[in-house]
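Asks: Here it is, the structure, as structure tokens.
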Amino acid sequence: MPGPGRPKQNSHGGDHDWHRRLLEKSPDITTALDTDGTVTYVSAAVDRILGYSPEEVTGRRAEEYVHPDDRDAVAETIDGLAAERDGSRTVQIRVRRADGSWCWLESRMRSHPDDVIEGILVTSRPVSERKEREAQLLTTKERMKMALEGANLGIWDWDMVTDEVQRDELLTEMLGYTPAEMGEHLRDWEKVVHPADRTRHDEALADHVQGRTPYYQCEYRLKTKSGDWKWVRTMGKVVEWDDEGAPQRAVGIHQDIDDRKRAELALKEEREMFTEGPAVVFKWADAEGWPIEYVSENVEDVLGYAPGELQSESVSFADLVYEADFDRLLKEVAEQRSGDDSRINPKPYRVTTADGDVRWVLEHTKKIDEGYESGYFLGYLVDITERKQHERELAARERKYRNLFEDTRDALMVFDRDGYIDCNERTLELFGVDSADSFLKYTPWELSPPKQPDGTESREAALEHVEVAFEEGEAFFEWVHERADGTAFPAKVKLSRFEYEGEPALHALVRDITERKEYERRIEEQRDNLDVLNRVLRHDIRNDLQLVTAYAELIAEEWNDKALLDHVETVLENAEHAVELTRTAREMADVMLSSADELEPIDLEDVFDNEVEAVRSAYPDAVVTVESSVPAETVEASSMLGSVFRNLLKNAIQHNDKDVPEVTVSATTRAETVVVRIADNGPGIPAEQRDAIFGKGQKGLESSGTGIGLYLVETLVESYGGSVRVEDNEPDGAVFSVELPRVT
């Protein structure tokens, strides 16, 4: 039997030899690999291309010849093919020649789990020349890119007929987008123009198109992918016109001028601050520590130091600089002094006041000589502490908002009356949309079926909700949305109005409530089934049992046979027990069908008196004592409050081991509740069983009840917002305390 990966012999020996000769003549290297990557066959082309004889390579691991950086890719490809049947993949790898140099090969690998090859067949051809050309092109492109980047330039070409725009990557990377994210039309570009700059941008473009200016030029802000704003200078010119004089094509450049523009604006702001607010003027020597030669009188108002104190040799300007900022300030001053400009404008830094407070200042300084070798600095400081605090608060709010925006599991989006502006990743997942750009092309009602479940048109209903949110500040409603693939899902939607870049906009939160709706449907179905059962228990079964009881009593009255009367007594006892079961089951169904919305004020005294009298009648041998009249209080409960006391009173008598069961009832009014205590002289309840007795189906060994009486008690009391507990009675028995909320 041939080994793995080795070409097999077959009945067509002549055909096999013919195929082998064909492989030997092929200009490509044909290699057979075992599943572990061992070479079991290689064609003669390996000598011409790599300088090895087939015998040198056969039996060795293929990875020995592969460049170390490419071995993982080869191993991953082989592992992938090993898991497939008749699969193929193509990789480009570097293989070592016999002389030690590297040769690029394009290798097509194909798995052959058949009767010809048990392993992987690899066909390889050299692509080194092509790789070299690609490298040369890449080098040329990189040089061009570096030149454009050095000038902060990006090129654009606008087809004014189709509105399509071609842009180089530098143009979109300037803002952090990919070309696909940026879009292919001018309107995509215009979407990122700052609202405050849009009119200026549009007017500059219109002036050129209408021939009022020789070229289009404008400085404005564009929104980056990270949400910041970048200043850009755009220049362009219409280069093609049709026969009627309509513009057809325009070309131009974008230049990143963010640093320069911000510097200009900062200088303008600083000058305005200098003219409008207090500035402390300093003159200090260009020497170590910057000794202070002069300081204006208002330094005491701003920094708390007396001018004479700072102008003494005991305090230098360096002593005022906050320690954590000093090294950075020293470095910035040195860097700016190394240039030709005599002005020094470091970034804002902190100083320490006379009473130890830390303040932010903005410095504007100019180097002056005055004939001295060392020279002097003359400048002024502006206190910008409040501004820095405001900036930090804004930045913190922005970070917090962005984190919440992206981390929440709800779909969040921002839109105005013109359409969507932004959305988070959960939005794309929920609506099945590939990218934010694709989602932003929808209107708020397009991802909805034509009509909502109530029959209203989705578009009209959506517009109505949007207007309500704009006018009243928010709107909250349920909605049926539709994903991009057409599948619908129910959702809760909340719209909230806020200011977005100076304009009113809406923040939308969409929560998928498919699971909740399915749960509500199941609960409603269960309630319907339970309601049917409740009606059967109330009417049919109870009527049949009462009929059985009546006939049994009739037989007992007319027949004097003792044996028959014993049987009749058994029938009556079991019928009464069955009646009790139907009553308990009916109460259980009532509890399950009730809701918090059904609670109402209930007169405690009337309910309790009725239940005490009913128990006294049912158990004449027991002694039921009311220590004091139940207070005339109103509690928040339902019509089933009586079953709470009925179950507790019967429980105290039925589970009593004394010849004469005794039950004592008392009630106490508190500030917000009423506590009813039912005490008995029975065997009591061990501490370790007190929690278990309120469980569904829990009952004593001698009990003939259903085991759910106390479970119903706790369920009902807790649904009223109250509580029930059990404790020891003295000297014997147990005390059940029911605490119910008062209606004040």
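In the structure tokens, each chain is lettered A, B, ... as it comes, each chain's residues begin at 1, and ligands are numbered from 1 in order of appearance.
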Please provide the set of residues having any atom within 7 Å of Asp383 in chain A, restricted to only C-alpha atoms, with same-chain residues fewer than 3 positions apart removed, written as a list in words.
Replies: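 Everything that qualifies: Arg359, Trp360, Val361 and Leu362 of chain A.
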Asks: Find the residues of range 412-445 of chain A that sit at most 8 Å from range 492-508 of chain A; for each, write down the nearest two atoms and how far apart they are in Å, to one decimal. Count only C-alpha atoms. Sort by chain, then by number going up, and give it as CSV.
Replies:
residue,atom,partner,partner_atom,distance
A:Leu412,CA,A:Ala508,CA,5.7
A:Met413,CA,A:Ala508,CA,5.3
A:Val414,CA,A:His507,CA,4.7
A:Phe415,CA,A:Leu506,CA,5.5
A:Asp416,CA,A:Ala505,CA,4.6
A:Arg417,CA,A:Ala505,CA,7.6
Asks: Step one, run DSSP on the backbone; step two, keep only residues of range 67-306 of chain A assigned to strand (DSSP E or B); then write them as a PyMOL selection string.
Replies: chain A and resi 88-96+102-113+118-126+153-159+164-167+185+193+216-223+229-241+247-256+279-285+291-295
Asks: Rounded to one decimal place, report the CA of Ala484 in chain A-CA of Glu467 in chain A distance in Å.
Replies: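 Computing it gives 25.3 Å between the two atoms.
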Asks: What does the structure give for the distance between CA of Val665 in chain A and CA of Ile678 in chain A, in Å to one decimal?
Replies: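 Spanning CA of Val665 in chain A to CA of Ile678 in chain A is a straight-line distance of 4.8 Å.
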Asks: Pick out the residues sitting within 10 Å of range 28-36 of chain A, and hand them over as a ChimeraX atom specification; count only C-alpha atoms, and ignore anything fewer than 2 positions along from it in its own chain.
Replies: /A:3-7,23-26,38-50,54,57-62,75,78-79,81-82,105,107-112,117-126
Asks: Under the rule that only C-alpha atoms are counted, which of A:Val382, A:Val91, A:His364, A:Trp241 is the nearest residue to Asn298 in chain A?
Replies: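 With only C-alpha atoms as the atom set, the closest residue is A:Val382.
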Asks: Using only C-alpha atoms, which protein or nucleic acid residues come within 8 Å of Val127 in chain A? Drop anything in the same chain fewer than 6 positions from it, and give the result as a list in words.
Replies: Cys103, Trp104, Leu105 and Glu106 of chain A
